[in-house]
Structures are given as C-alpha cells and as structure tokens.
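Everything below belongs to target.tsv, which stores TSV, C-alpha atoms.
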```
chain	number	residue	atom	x	y	z
B	1	MET	CA	-0.84	40.92	-49.94
B	2	THR	CA	0.66	38.43	-47.53
B	3	SER	CA	4.12	39.88	-47.19
B	4	ALA	CA	5.27	40.52	-43.62
B	5	PRO	CA	7.75	43.33	-44.02
B	6	ASP	CA	8.96	43.36	-40.43
B	7	ALA	CA	9.05	39.58	-39.87
B	8	THR	CA	12.19	38.47	-38.13
B	9	PRO	CA	13.38	34.89	-38.00
B	10	PRO	CA	11.98	33.10	-34.94
B	11	ALA	CA	14.35	33.18	-32.00
B	12	GLU	CA	16.35	30.02	-31.60
B	13	PRO	CA	15.01	28.33	-28.43
B	14	ALA	CA	17.52	28.57	-25.61
B	15	ARG	CA	19.32	25.28	-25.28
B	16	ARG	CA	21.87	24.27	-22.77
B	17	ARG	CA	24.53	22.65	-24.90
B	18	ARG	CA	26.11	19.79	-23.02
B	19	ARG	CA	28.05	17.49	-25.28
B	20	ASP	CA	29.32	15.28	-22.47
B	21	PRO	CA	27.06	12.20	-21.96
B	22	GLU	CA	27.80	12.22	-18.20
B	23	ALA	CA	26.69	15.85	-17.94
B	24	HIS	CA	23.56	15.01	-19.95
B	25	ARG	CA	22.83	12.11	-17.63
B	26	ALA	CA	23.29	14.26	-14.52
B	27	ALA	CA	21.05	17.01	-15.94
B	28	ILE	CA	18.33	14.46	-16.77
B	29	LEU	CA	18.50	12.95	-13.25
B	30	ASP	CA	18.23	16.44	-11.68
B	31	ALA	CA	15.28	17.29	-13.92
B	32	ALA	CA	13.63	13.94	-13.12
B	33	ARG	CA	13.90	14.43	-9.34
B	34	GLU	CA	12.39	17.91	-9.81
B	35	ALA	CA	9.52	16.67	-11.99
B	36	PHE	CA	8.72	13.62	-9.80
B	37	ALA	CA	8.68	15.81	-6.68
B	38	GLU	CA	6.48	18.41	-8.37
B	39	HIS	CA	3.93	16.24	-10.20
B	40	GLY	CA	4.18	12.89	-8.48
B	41	TYR	CA	5.39	9.75	-10.22
B	42	ALA	CA	2.27	8.89	-12.22
B	43	LEU	CA	1.79	12.38	-13.70
B	44	ALA	CA	5.42	13.26	-14.44
B	45	THR	CA	6.29	12.84	-18.14
B	46	ILE	CA	9.52	12.07	-20.00
B	47	ARG	CA	8.70	15.00	-22.30
B	48	ASP	CA	8.62	17.47	-19.39
B	49	ILE	CA	11.79	15.98	-17.89
B	50	ALA	CA	13.59	16.31	-21.25
B	51	ARG	CA	12.47	19.93	-21.55
B	52	ARG	CA	13.71	20.77	-18.03
B	53	ALA	CA	17.05	19.13	-18.78
B	54	GLY	CA	17.37	20.91	-22.14
B	55	VAL	CA	17.65	17.65	-24.07
B	56	THR	CA	15.43	15.67	-26.44
B	57	HIS	CA	12.88	13.01	-25.47
B	58	GLY	CA	14.95	10.53	-27.50
B	59	LEU	CA	18.11	11.26	-25.51
B	60	VAL	CA	16.32	10.59	-22.20
B	61	MET	CA	15.08	7.27	-23.57
B	62	ARG	CA	18.55	6.36	-24.88
B	63	HIS	CA	20.02	6.96	-21.43
B	64	PHE	CA	17.26	5.41	-19.29
B	65	THR	CA	14.91	3.38	-21.59
B	66	SER	CA	11.67	4.11	-19.59
B	67	LYS	CA	10.11	6.35	-16.95
B	68	GLU	CA	10.31	3.65	-14.28
B	69	GLN	CA	14.03	3.03	-14.95
B	70	LEU	CA	14.65	6.78	-14.85
B	71	PHE	CA	12.82	7.00	-11.52
B	72	LEU	CA	14.77	4.10	-10.02
B	73	CYS	CA	18.06	5.72	-11.13
B	74	ALA	CA	17.02	9.14	-9.80
B	75	VAL	CA	16.03	8.20	-6.23
B	76	PRO	CA	17.82	6.16	-3.54
B	77	GLY	CA	16.54	2.61	-3.06
B	78	THR	CA	16.79	-0.04	-5.73
B	79	ARG	CA	19.81	1.67	-7.28
B	80	ASP	CA	21.78	1.18	-4.03
B	81	LEU	CA	20.97	-2.50	-3.67
B	82	ASP	CA	24.12	-3.67	-5.48
B	83	GLU	CA	26.26	-2.05	-2.78
B	84	ILE	CA	24.09	-3.49	0.01
B	85	VAL	CA	24.18	-7.09	-1.22
B	86	ALA	CA	27.95	-7.01	-1.81
B	87	GLY	CA	29.61	-8.43	1.32
B	88	ASP	CA	29.14	-11.27	3.78
B	89	VAL	CA	25.85	-13.04	2.99
B	90	ALA	CA	25.50	-14.04	6.68
B	91	SER	CA	24.80	-10.42	7.66
B	92	LEU	CA	22.75	-9.57	4.56
B	93	PRO	CA	19.40	-9.30	6.45
B	94	GLU	CA	20.93	-6.72	8.82
B	95	ARG	CA	22.38	-4.69	5.92
B	96	VAL	CA	19.08	-4.72	4.00
B	97	ALA	CA	17.11	-3.71	7.11
B	98	ALA	CA	19.59	-0.96	8.04
B	99	GLY	CA	19.69	0.37	4.45
B	100	PHE	CA	15.90	0.46	4.22
B	101	VAL	CA	15.43	2.20	7.57
B	102	ALA	CA	18.23	4.74	7.00
B	103	ARG	CA	16.83	5.66	3.60
B	104	MET	CA	13.24	5.94	4.80
B	105	GLU	CA	14.17	8.00	7.85
B	106	THR	CA	16.01	10.47	5.59
B	107	ASN	CA	13.41	10.94	2.88
B	108	ALA	CA	10.39	8.63	2.80
B	109	ALA	CA	8.32	10.95	0.63
B	110	ASP	CA	10.28	10.21	-2.58
B	111	ASP	CA	11.11	6.60	-1.76
B	112	PRO	CA	10.27	3.98	-4.42
B	113	PHE	CA	8.12	1.98	-1.95
B	114	VAL	CA	6.06	5.00	-0.92
B	115	THR	CA	5.79	6.16	-4.53
B	116	LEU	CA	4.67	2.67	-5.51
B	117	ILE	CA	1.93	2.54	-2.87
B	118	ARG	CA	0.67	6.02	-3.68
B	119	SER	CA	0.70	5.44	-7.43
B	120	ALA	CA	-1.24	2.17	-7.10
B	121	ALA	CA	-4.28	4.10	-5.92
B	122	SER	CA	-4.17	6.73	-8.64
B	123	ASN	CA	-2.68	4.91	-11.61
B	124	GLU	CA	-2.58	1.12	-11.62
B	125	ARG	CA	-0.60	0.89	-14.88
B	126	ALA	CA	2.15	3.15	-13.54
B	127	ALA	CA	2.30	1.08	-10.35
B	128	ILE	CA	2.57	-2.23	-12.24
B	129	ASP	CA	5.38	-0.94	-14.47
B	130	LEU	CA	7.27	0.54	-11.52
B	131	TYR	CA	6.80	-2.59	-9.41
B	132	THR	CA	7.99	-4.82	-12.25
B	133	ALA	CA	11.11	-2.71	-12.79
B	134	MET	CA	11.87	-2.73	-9.04
B	135	ARG	CA	11.35	-6.47	-8.78
B	136	ARG	CA	13.62	-7.26	-11.75
B	137	ARG	CA	16.46	-5.14	-10.41
B	138	SER	CA	16.10	-6.51	-6.89
B	139	VAL	CA	16.03	-10.14	-8.01
B	140	ALA	CA	19.12	-9.55	-10.19
B	141	ALA	CA	20.98	-8.02	-7.24
B	142	TYR	CA	20.02	-10.78	-4.76
B	143	ARG	CA	20.79	-13.54	-7.27
B	144	THR	CA	24.45	-12.54	-7.13
B	145	VAL	CA	24.57	-13.74	-3.49
B	146	LEU	CA	21.57	-16.08	-2.92
B	147	ASP	CA	21.09	-19.53	-4.44
B	148	GLY	CA	17.98	-21.57	-5.13
B	149	ASP	CA	15.06	-21.77	-7.51
B	150	ASP	CA	12.84	-19.64	-5.32
B	151	VAL	CA	15.05	-16.54	-4.96
B	152	ASP	CA	12.41	-14.53	-6.85
B	153	VAL	CA	9.70	-15.64	-4.40
B	154	ARG	CA	11.85	-14.89	-1.35
B	155	VAL	CA	12.77	-11.46	-2.76
B	156	GLU	CA	9.10	-10.71	-3.29
B	157	LEU	CA	8.15	-11.81	0.24
B	158	MET	CA	10.89	-9.50	1.58
B	159	ALA	CA	9.57	-6.69	-0.62
B	160	ALA	CA	6.05	-7.37	0.73
B	161	GLN	CA	7.36	-6.98	4.29
B	162	LEU	CA	9.12	-3.71	3.43
B	163	ILE	CA	6.09	-2.38	1.54
B	164	GLY	CA	3.87	-3.20	4.54
B	165	VAL	CA	6.24	-1.47	6.96
B	166	ALA	CA	6.58	1.54	4.62
B	167	PHE	CA	2.79	1.72	4.51
B	168	ASN	CA	2.52	1.55	8.28
B	169	ARG	CA	5.39	3.71	9.49
B	170	TYR	CA	5.76	6.22	6.66
B	171	ILE	CA	2.24	6.61	5.23
B	172	VAL	CA	-0.28	5.81	7.98
B	173	LYS	CA	2.27	6.78	10.67
B	174	ALA	CA	0.35	5.15	13.53
B	175	GLY	CA	0.92	2.13	15.78
B	176	PRO	CA	3.94	0.49	17.47
B	177	LEU	CA	6.04	0.19	14.29
B	178	ALA	CA	5.61	3.91	13.70
B	179	ALA	CA	6.36	4.77	17.33
B	180	MET	CA	9.58	2.75	17.82
B	181	THR	CA	13.09	4.11	17.21
B	182	ALA	CA	14.94	3.52	13.95
B	183	GLY	CA	17.28	1.14	15.80
B	184	GLU	CA	14.43	-0.95	17.18
B	185	LEU	CA	12.78	-1.12	13.76
B	186	THR	CA	16.06	-2.21	12.19
B	187	ALA	CA	16.40	-5.03	14.75
B	188	HIS	CA	12.83	-6.29	14.18
B	189	LEU	CA	13.17	-6.10	10.40
B	190	SER	CA	16.53	-7.88	10.46
B	191	ARG	CA	14.91	-10.79	12.26
B	192	VAL	CA	11.93	-10.98	9.89
B	193	LEU	CA	14.02	-10.60	6.73
B	194	ARG	CA	16.44	-13.28	7.98
B	195	GLY	CA	13.52	-15.69	8.35
B	196	ILE	CA	12.31	-14.97	4.83
B	197	MET	CA	15.79	-14.97	3.26
B	198	PHE	CA	17.12	-18.18	4.80
B	199	GLY	CA	14.17	-19.74	6.70
X	1	MET	CA	-51.27	37.56	-0.79
X	2	THR	CA	-49.18	34.65	0.48
X	3	SER	CA	-51.97	32.23	1.30
X	4	ALA	CA	-51.65	28.80	-0.33
X	5	PRO	CA	-55.23	27.61	-0.53
X	6	ASP	CA	-54.48	24.10	-1.76
X	7	ALA	CA	-51.51	23.38	0.49
X	8	THR	CA	-51.57	19.87	1.87
X	9	PRO	CA	-49.54	18.70	4.87
X	10	PRO	CA	-46.13	17.38	3.72
X	11	ALA	CA	-46.13	13.66	3.18
X	12	GLU	CA	-44.63	11.69	6.08
X	13	PRO	CA	-41.29	10.31	4.77
X	14	ALA	CA	-41.51	6.59	4.16
X	15	ARG	CA	-39.86	4.76	7.03
X	16	ARG	CA	-39.25	1.09	7.36
X	17	ARG	CA	-40.29	0.36	10.93
X	18	ARG	CA	-38.07	-2.32	12.35
X	19	ARG	CA	-38.33	-2.50	16.13
X	20	ASP	CA	-36.06	-5.51	16.47
X	21	PRO	CA	-32.43	-4.43	17.18
X	22	GLU	CA	-31.08	-7.46	15.28
X	23	ALA	CA	-33.11	-6.53	12.21
X	24	HIS	CA	-31.87	-2.93	12.50
X	25	ARG	CA	-28.31	-4.19	12.75
X	26	ALA	CA	-28.70	-6.43	9.70
X	27	ALA	CA	-30.29	-3.60	7.69
X	28	ILE	CA	-27.44	-1.25	8.62
X	29	LEU	CA	-24.80	-3.83	7.63
X	30	ASP	CA	-26.51	-4.42	4.27
X	31	ALA	CA	-26.73	-0.67	3.66
X	32	ALA	CA	-23.08	-0.25	4.67
X	33	ARG	CA	-21.85	-2.92	2.25
X	34	GLU	CA	-23.89	-1.24	-0.50
X	35	ALA	CA	-22.56	2.25	0.30
X	36	PHE	CA	-18.90	1.15	0.68
X	37	ALA	CA	-19.07	-0.73	-2.63
X	38	GLU	CA	-20.70	2.22	-4.39
X	39	HIS	CA	-18.69	5.17	-3.03
X	40	GLY	CA	-15.52	3.57	-1.68
X	41	TYR	CA	-14.59	3.59	1.98
X	42	ALA	CA	-13.34	7.18	2.29
X	43	LEU	CA	-16.36	8.78	0.60
X	44	ALA	CA	-19.14	6.66	2.13
X	45	THR	CA	-20.95	8.46	4.98
X	46	ILE	CA	-22.82	7.25	8.06
X	47	ARG	CA	-25.64	9.63	7.08
X	48	ASP	CA	-26.10	7.94	3.69
X	49	ILE	CA	-25.87	4.48	5.24
X	50	ALA	CA	-28.54	5.41	7.83
X	51	ARG	CA	-30.80	6.72	5.08
X	52	ARG	CA	-30.41	3.53	3.01
X	53	ALA	CA	-31.20	1.41	6.10
X	54	GLY	CA	-34.20	3.57	7.02
X	55	VAL	CA	-32.81	4.40	10.47
X	56	THR	CA	-31.34	7.47	12.15
X	57	HIS	CA	-27.66	8.48	12.19
X	58	GLY	CA	-27.76	8.12	15.98
X	59	LEU	CA	-28.96	4.52	15.78
X	60	VAL	CA	-26.07	3.58	13.46
X	61	MET	CA	-23.61	5.15	15.91
X	62	ARG	CA	-25.24	3.37	18.89
X	63	HIS	CA	-24.84	0.03	17.12
X	64	PHE	CA	-21.35	0.52	15.62
X	65	THR	CA	-19.74	3.63	17.25
X	66	SER	CA	-17.79	4.75	14.11
X	67	LYS	CA	-17.48	4.35	10.36
X	68	GLU	CA	-14.35	2.18	10.70
X	69	GLN	CA	-16.02	-0.18	13.20
X	70	LEU	CA	-19.05	-0.40	10.92
X	71	PHE	CA	-16.79	-1.25	7.98
X	72	LEU	CA	-14.92	-3.94	9.93
X	73	CYS	CA	-18.25	-5.50	11.00
X	74	ALA	CA	-19.65	-5.34	7.47
X	75	VAL	CA	-16.84	-7.06	5.55
X	76	PRO	CA	-14.99	-10.34	6.15
X	77	GLY	CA	-11.51	-10.00	7.64
X	78	THR	CA	-10.89	-8.61	11.11
X	79	ARG	CA	-14.35	-9.69	12.25
X	80	ASP	CA	-13.49	-13.34	11.57
X	81	LEU	CA	-10.20	-13.29	13.46
X	82	ASP	CA	-11.71	-14.50	16.75
X	83	GLU	CA	-12.73	-17.75	15.06
X	84	ILE	CA	-9.34	-18.14	13.39
X	85	VAL	CA	-7.28	-17.66	16.57
X	86	ALA	CA	-9.47	-20.07	18.58
X	87	GLY	CA	-7.80	-23.48	18.45
X	88	ASP	CA	-4.34	-25.00	18.69
X	89	VAL	CA	-1.77	-22.19	18.82
X	90	ALA	CA	0.82	-24.47	17.18
X	91	SER	CA	-1.06	-24.32	13.87
X	92	LEU	CA	-2.08	-20.65	14.18
X	93	PRO	CA	0.23	-19.41	11.36
X	94	GLU	CA	-1.35	-21.94	8.94
X	95	ARG	CA	-4.89	-20.90	9.95
X	96	VAL	CA	-4.12	-17.18	9.58
X	97	ALA	CA	-2.48	-17.72	6.18
X	98	ALA	CA	-5.31	-19.97	4.94
X	99	GLY	CA	-7.98	-17.54	6.21
X	100	PHE	CA	-6.29	-14.57	4.54
X	101	VAL	CA	-5.82	-16.32	1.20
X	102	ALA	CA	-9.34	-17.81	1.12
X	103	ARG	CA	-10.90	-14.43	1.87
X	104	MET	CA	-8.78	-12.55	-0.68
X	105	GLU	CA	-9.36	-15.12	-3.42
X	106	THR	CA	-13.13	-14.77	-2.90
X	107	ASN	CA	-13.43	-11.00	-2.82
X	108	ALA	CA	-10.28	-8.91	-2.62
X	109	ALA	CA	-11.97	-5.71	-3.83
X	110	ASP	CA	-13.84	-5.09	-0.55
X	111	ASP	CA	-11.19	-6.53	1.75
X	112	PRO	CA	-10.06	-4.36	4.68
X	113	PHE	CA	-6.40	-4.57	3.58
X	114	VAL	CA	-7.14	-3.50	0.01
X	115	THR	CA	-9.53	-0.78	1.24
X	116	LEU	CA	-6.84	0.42	3.62
X	117	ILE	CA	-4.19	0.68	0.90
X	118	ARG	CA	-6.51	2.43	-1.52
X	119	SER	CA	-7.83	4.88	1.08
X	120	ALA	CA	-4.30	5.82	2.20
X	121	ALA	CA	-3.66	7.43	-1.16
X	122	SER	CA	-6.91	9.39	-1.30
X	123	ASN	CA	-7.68	10.13	2.35
X	124	GLU	CA	-4.93	9.78	4.92
X	125	ARG	CA	-7.22	10.45	7.90
X	126	ALA	CA	-9.65	7.69	6.87
X	127	ALA	CA	-6.71	5.28	6.46
X	128	ILE	CA	-5.27	6.08	9.90
X	129	ASP	CA	-8.63	5.59	11.63
X	130	LEU	CA	-9.30	2.34	9.77
X	131	TYR	CA	-5.79	1.03	10.40
X	132	THR	CA	-6.02	1.87	14.11
X	133	ALA	CA	-9.36	0.08	14.44
X	134	MET	CA	-8.01	-3.00	12.60
X	135	ARG	CA	-4.87	-3.07	14.72
X	136	ARG	CA	-6.77	-2.85	18.03
X	137	ARG	CA	-9.11	-5.66	17.10
X	138	SER	CA	-6.31	-7.86	15.80
X	139	VAL	CA	-4.11	-7.34	18.85
X	140	ALA	CA	-7.07	-8.11	21.15
X	141	ALA	CA	-7.76	-11.34	19.25
X	142	TYR	CA	-4.12	-12.52	19.20
X	143	ARG	CA	-3.60	-11.63	22.88
X	144	THR	CA	-6.08	-14.36	23.78
X	145	VAL	CA	-3.58	-16.95	22.50
X	146	LEU	CA	-0.11	-15.31	22.36
X	147	ASP	CA	1.99	-14.20	25.33
X	148	GLY	CA	4.70	-11.60	25.68
X	149	ASP	CA	5.21	-7.85	25.88
X	150	ASP	CA	5.72	-7.52	22.15
X	151	VAL	CA	2.50	-9.15	20.88
X	152	ASP	CA	1.45	-5.78	19.44
X	153	VAL	CA	4.73	-5.49	17.50
X	154	ARG	CA	4.50	-9.07	16.22
X	155	VAL	CA	0.88	-8.53	15.16
X	156	GLU	CA	1.88	-5.41	13.28
X	157	LEU	CA	4.78	-7.15	11.51
X	158	MET	CA	2.33	-9.89	10.45
X	159	ALA	CA	-0.09	-7.22	9.26
X	160	ALA	CA	2.75	-5.57	7.31
X	161	GLN	CA	3.44	-8.88	5.56
X	162	LEU	CA	-0.24	-9.36	4.68
X	163	ILE	CA	-0.59	-5.74	3.52
X	164	GLY	CA	2.48	-6.16	1.30
X	165	VAL	CA	1.15	-9.40	-0.19
X	166	ALA	CA	-2.31	-7.85	-0.67
X	167	PHE	CA	-0.63	-4.97	-2.46
X	168	ASN	CA	1.35	-7.27	-4.69
X	169	ARG	CA	-1.10	-10.04	-5.53
X	170	TYR	CA	-4.44	-8.23	-5.37
X	171	ILE	CA	-3.66	-4.64	-6.39
X	172	VAL	CA	-0.57	-4.67	-8.64
X	173	LYS	CA	-1.29	-8.29	-9.69
X	174	ALA	CA	2.17	-8.90	-11.15
X	175	GLY	CA	5.14	-11.06	-10.19
X	176	PRO	CA	5.65	-14.55	-8.74
X	177	LEU	CA	3.38	-14.01	-5.70
X	178	ALA	CA	0.57	-12.99	-8.05
X	179	ALA	CA	1.23	-15.92	-10.40
X	180	MET	CA	1.35	-18.79	-7.87
X	181	THR	CA	-1.66	-20.87	-6.82
X	182	ALA	CA	-3.63	-20.11	-3.65
X	183	GLY	CA	-2.17	-23.27	-2.08
X	184	GLU	CA	1.42	-22.25	-2.82
X	185	LEU	CA	0.79	-18.76	-1.45
X	186	THR	CA	-0.74	-20.22	1.72
X	187	ALA	CA	2.33	-22.40	2.24
X	188	HIS	CA	4.77	-19.49	1.79
X	189	LEU	CA	2.74	-17.19	4.03
X	190	SER	CA	2.43	-19.86	6.73
X	191	ARG	CA	6.21	-20.09	6.88
X	192	VAL	CA	6.74	-16.31	7.02
X	193	LEU	CA	3.97	-15.73	9.59
X	194	ARG	CA	5.33	-18.56	11.74
X	195	GLY	CA	8.72	-16.85	11.81
X	196	ILE	CA	7.17	-13.53	12.84
X	197	MET	CA	4.75	-15.06	15.35
X	198	PHE	CA	7.18	-17.34	17.19
X	199	GLY	CA	10.65	-16.59	15.76
```

With the file now loaded, output its structure as structure tokens.
Amino acid sequence: MTSAPDATPPAEPARRRRRDPEAHRAAILDAAREAFAEHGYALATIRDIARRAGVTHGLVMRHFTSKEQLFLCAVPGTRDLDEIVAGDVASLPERVAAGFVARMETNAADDPFVTLIRSAASNERAAIDLYTAMRRRSVAAYRTVLDGDDVDVRVELMAAQLIGVAFNRYIVKAGPLAAMTAGELTAHLSRVLRGIMFG
Amino acid sequence: MTSAPDATPPAEPARRRRRDPEAHRAAILDAAREAFAEHGYALATIRDIARRAGVTHGLVMRHFTSKEQLFLCAVPGTRDLDEIVAGDVASLPERVAAGFVARMETNAADDPFVTLIRSAASNERAAIDLYTAMRRRSVAAYRTVLDGDDVDVRVELMAAQLIGVAFNRYIVKAGPLAAMTAGELTAHLSRVLRGIMFG
C-alpha cells in the first residue's frame, strides 16, 4: 500500500509579494549588495540573489541582464559617472579625480576597481566580463562630452591609472600614494587625468 | 633487543660543491626562477630554492637578503631599470615605455607587475613586501636622473599607470589597450609617462 493517510499538501514557500517593478528592483539591489559582500563578486550567483530578494532568476535577468550589470548598478562607481561627466568639460579631470577619491575613501572594499583586481586573481572570466561592462559604460559616458576617434583609448588609459592607484592605496596600502591625504591624492590624480584626457 | 646489526651510516646527502660565489649566485637565480614559475611567488620558499640550488638557506639570504629581492634579481623588470634610466633624460619616458612593453610582450607571466597583482589577491603580505622592494629600487634608479622633492610620488604614479596597463593588457586581455600593437601601446604610454614624469 502506498497511501499516505496523513499527507498534507506541501507548504507554499514564503514569498514576498511585490508587484511594483521599482520595489522589485530595490529588493534585488539590496540582495545583490548582501550577496556580493558575503561571497565576493566571482562566487555570488544570480540564483542566490533572486532567492534573497524573493523573486525569480528570470526577473533579475529582465531587470539587469547580467551579473556584471547588476553589480555595477548595485555599487557606487560606474553608475555615478553620468552625473560626474555632466558639466563643464574643462574641469572634468578634477571631478573624476574627486569622485574616485571620495568613493574609495568611503568604501574601497566593495568598489568596482577593487573587486575587479581581486576577481582577476581568482576568476579570470568574471574579471573580463566585469571589466568589459565597466569599460562600455565608461566610454558611453565620456563620449557625451569628449570628441575624437581615440576616446576609448583615453578612457582606458585613465582607467589604468585609477586601477593602479586603487591597487596601491587601497589594496597594498603602502608607499607615498597610500600615505598622502585624500586632498593631495585628488590634486595629483587631477593632473595625471588631465594629461591623459586632453594631452 | 634494539640492536640493529646491519645498520650502515646514513648516506651523506648529495651536495653540489660550488666554491665560486658567482656560480652560487647563478645557481640560486636559476633555482629561484624554477621555484617561482612552479609554485607562484607567494608560495615559493627560500628553503625550497636553497635545496634546488644545493646551498644553505643562510647562503641564499647572504646573497639576496629576502625573497622579494631574490625575485627582483631573478626576473627582468626592476633589475633592468638602471640601464634604462642611464642616458638622455629628455627621452626617458620613451625608454621606460619601450622597456616595459618589450619585456611584457616577451614574458608577461613572470613579470614583477603581473606577479604583484596576482599575489595581492592571494597573499596581501607578500604583495606589500614585493611592492615595497620594487618601489625602493625604482625610486633609487629614477633619483639618479630626476630632481625634486616629489620624485617618489611621480615614480609611484608611473608605476600605477604601468600596473593598470599590465592588468588590462596582460591579465584581463580585453579592450583597446589589449588589442593595439606593441608599437601603438609604446607611443601611448610614452605620452602618459612623459606627462607624469615632467608635467
């Protein structure tokens, strides 16, 4: 006999029912920040993030299209570049330098540059996808204010400078760039970025 | 009874007897390159390198003082900087850029910059010690030709640029800096390094 006289229907899994797309989006971003902080970028999964947010894998993908896009929307950095580039192009190097330093001084651990460097050592594929997503967004933002065929090259040379400084000051944390004040670093970076941007 | 009637004296461990300090030094450098390639920088040990070279741990330390100094002597990069800086200071940015690109195109995998980036993710202490040793040597080399109180800062901003480009072109291997020819990269880097060095 295979009857199960006291079987009860399985409990409906608890689901947070948010019908509002904006509320869904906010819940996914919260869950993503949690998962990236807990597991690191390379090991965090869309499936886990969806579960934490109480939504489906498909809904996360519909909102954000990929893990790297979700990451870039969840943390400060690339997502704020549109605001930074808007304004007088003559003072763009100073705004980029100040934005980078302010962000790193507040929370370097979750920054896209630091995440990128750390993920390159553990998971090259994750690093390539993240780097490519960052580069595309940055080039699109800078193209709204900079002219010329080589904007993509100049953006990448600026990114190289910022990656190198992130490596030095916020990962290795040793040497004169790590020891100087945020204001001094901003001044040095403004000068270097100006040379790359317009030089 | 604990007697061991057929015990023979333990065999003398095979030792390569090199009395010449230069031959010792060469054997240690060969052993170091082997060990760093096999285990990676962070996991390679002076003890293993001494064993491979058939010398004592103490002799390795007398010749090279530390693992990071041994590494910098064993691989191209910082060790070649004295030659690169010697010459007309007006064309120093071009020589530094050309030296960096030529070296990376030949063998990026064992390069100090790539080793530094990879070791930062797995072993922060190893990265700090290696970075500090690289910085000291580089600053000493550049100080022979550059003046000013901020030579150390300018050297570190140049290093940041090269670390960022190494990350992009030789680790992530994606984007316009990775796609361009060695000659194009040298030209771009010359311009950026010139701005940092003299700007």

Review point. If we count only C-alpha atoms, which residues of chain B reach to within 6 Å of chain X? Please list them as a VMD selection string.
Key: chain B and resid 118 121 128 160 to 161 163 to 165 172

Check your understanding: CA of Arg25 (chain X) and CA of Asp48 (chain X) are how many Å apart?
Key ->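 Interatomic distance, CA of Arg25 (chain X) to CA of Asp48 (chain X): 15.3 Å.
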
Review point. Quick one: residues within 10 Å of Leu43 (chain B), only C-alpha atoms counted, chain neighbours fewer than 3 positions away excluded, as a list in words?
Key: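 What passes the distance filter is Ala35, Phe36, Glu38, His39, Gly40, Ile46, Ser119, Ser122, Asn123 and Ala126 of chain B.
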
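The residue that comes closest to Glu68 (chain B), out of B:Val145, B:Ala23, B:Val151, B:Ala42 and on the basis of all atoms listed in the file, is B:Ala42.
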
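Atom to atom, CA of Asp111 (chain B) and CA of Ser66 (chain B) stand 18.0 Å apart.
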
Review point. Using all atoms listed in the file, which residues sit within 12 Å of Ala102 (chain B) once same-chain residues fewer than 4 positions away are excluded, as a list in words?
Key: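 The residues that qualify are Pro76, Gly77, Glu94, Arg95, Val96, Ala97, Ala98, Thr106, Asn107, Ala108, Asp111, Thr181, Ala182, Gly183, Leu185 and Thr186 of chain B.
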
Revision key, fill the gap. Using only C-alpha atoms, the shortest atom-to-atom distance to Gly99 (chain B) among B:Val114, B:Asp82, B:Val139, B:Arg51 belongs to B:Asp82

Contacts of Glu34 (chain B) at 12 Å (all atoms listed in the file; same-chain gap of 2+ positions) as a short mmCIF file (atom, residue, chain, number, x, y, z; two decimals) with C-alpha atoms, keeping the file's coordinate frame:
```cif
data_model
loop_
_atom_site.label_atom_id
_atom_site.label_comp_id
_atom_site.auth_asym_id
_atom_site.auth_seq_id
_atom_site.Cartn_x
_atom_site.Cartn_y
_atom_site.Cartn_z
CA ALA B 27 21.05 17.01 -15.94
CA ILE B 28 18.33 14.46 -16.77
CA LEU B 29 18.50 12.95 -13.25
CA ASP B 30 18.23 16.44 -11.68
CA ALA B 31 15.28 17.29 -13.92
CA ALA B 32 13.63 13.94 -13.12
CA PHE B 36 8.72 13.62 -9.80
CA ALA B 37 8.68 15.81 -6.68
CA GLU B 38 6.48 18.41 -8.37
CA HIS B 39 3.93 16.24 -10.20
CA GLY B 40 4.18 12.89 -8.48
CA TYR B 41 5.39 9.75 -10.22
CA ALA B 44 5.42 13.26 -14.44
CA THR B 45 6.29 12.84 -18.14
CA ASP B 48 8.62 17.47 -19.39
CA ILE B 49 11.79 15.98 -17.89
CA ALA B 50 13.59 16.31 -21.25
CA ARG B 51 12.47 19.93 -21.55
CA ARG B 52 13.71 20.77 -18.03
CA ALA B 53 17.05 19.13 -18.78
CA PHE B 71 12.82 7.00 -11.52
CA ALA B 74 17.02 9.14 -9.80
CA VAL B 75 16.03 8.20 -6.23
CA ASP B 110 10.28 10.21 -2.58
#
```

Point to revise | Å distance separating CA of Ser138 (chain B) from CA of His57 (chain B), one decimal place | key: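 A separation of 27.1 Å between them.
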
Region 176-189 of chain X written out with N, CA and C atoms as an mmCIF file, in the first residue's frame:
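Below is the file selection.cif, written as the result:
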```cif
data_model
loop_
_atom_site.group_PDB
_atom_site.id
_atom_site.type_symbol
_atom_site.label_atom_id
_atom_site.label_comp_id
_atom_site.auth_asym_id
_atom_site.auth_seq_id
_atom_site.Cartn_x
_atom_site.Cartn_y
_atom_site.Cartn_z
ATOM 1 N N PRO X 176 40.629 48.033 -25.952
ATOM 2 C CA PRO X 176 41.522 48.640 -26.954
ATOM 3 C C PRO X 176 43.005 48.567 -26.593
ATOM 4 N N LEU X 177 43.366 48.693 -25.311
ATOM 5 C CA LEU X 177 44.794 48.610 -24.955
ATOM 6 C C LEU X 177 45.332 47.207 -25.200
ATOM 7 N N ALA X 178 44.472 46.210 -25.031
ATOM 8 C CA ALA X 178 44.887 44.828 -25.272
ATOM 9 C C ALA X 178 44.949 44.529 -26.765
ATOM 10 N N ALA X 179 44.139 45.238 -27.549
ATOM 11 C CA ALA X 179 44.036 44.934 -28.983
ATOM 12 C C ALA X 179 45.099 45.641 -29.824
ATOM 13 N N MET X 180 45.660 46.757 -29.325
ATOM 14 C CA MET X 180 46.575 47.530 -30.179
ATOM 15 C C MET X 180 47.936 46.844 -30.304
ATOM 16 N N THR X 181 48.743 47.292 -31.264
ATOM 17 C CA THR X 181 50.073 46.711 -31.450
ATOM 18 C C THR X 181 51.003 47.202 -30.338
ATOM 19 N N ALA X 182 52.137 46.503 -30.196
ATOM 20 C CA ALA X 182 53.130 46.899 -29.200
ATOM 21 C C ALA X 182 53.628 48.315 -29.478
ATOM 22 N N GLY X 183 53.797 48.657 -30.755
ATOM 23 C CA GLY X 183 54.262 49.999 -31.118
ATOM 24 C C GLY X 183 53.260 51.080 -30.728
ATOM 25 N N GLU X 184 51.988 50.826 -30.977
ATOM 26 C CA GLU X 184 50.950 51.800 -30.602
ATOM 27 C C GLU X 184 50.908 51.972 -29.080
ATOM 28 N N LEU X 185 50.990 50.856 -28.367
ATOM 29 C CA LEU X 185 50.964 50.929 -26.904
ATOM 30 C C LEU X 185 52.156 51.728 -26.390
ATOM 31 N N THR X 186 53.335 51.482 -26.981
ATOM 32 C CA THR X 186 54.538 52.215 -26.564
ATOM 33 C C THR X 186 54.350 53.713 -26.766
ATOM 34 N N ALA X 187 53.757 54.097 -27.899
ATOM 35 C CA ALA X 187 53.539 55.519 -28.175
ATOM 36 C C ALA X 187 52.578 56.138 -27.150
ATOM 37 N N HIS X 188 51.475 55.468 -26.870
ATOM 38 C CA HIS X 188 50.518 55.991 -25.882
ATOM 39 C C HIS X 188 51.158 56.091 -24.496
ATOM 40 N N LEU X 189 51.868 55.045 -24.102
ATOM 41 C CA LEU X 189 52.481 55.045 -22.772
ATOM 42 C C LEU X 189 53.563 56.111 -22.651
#
```
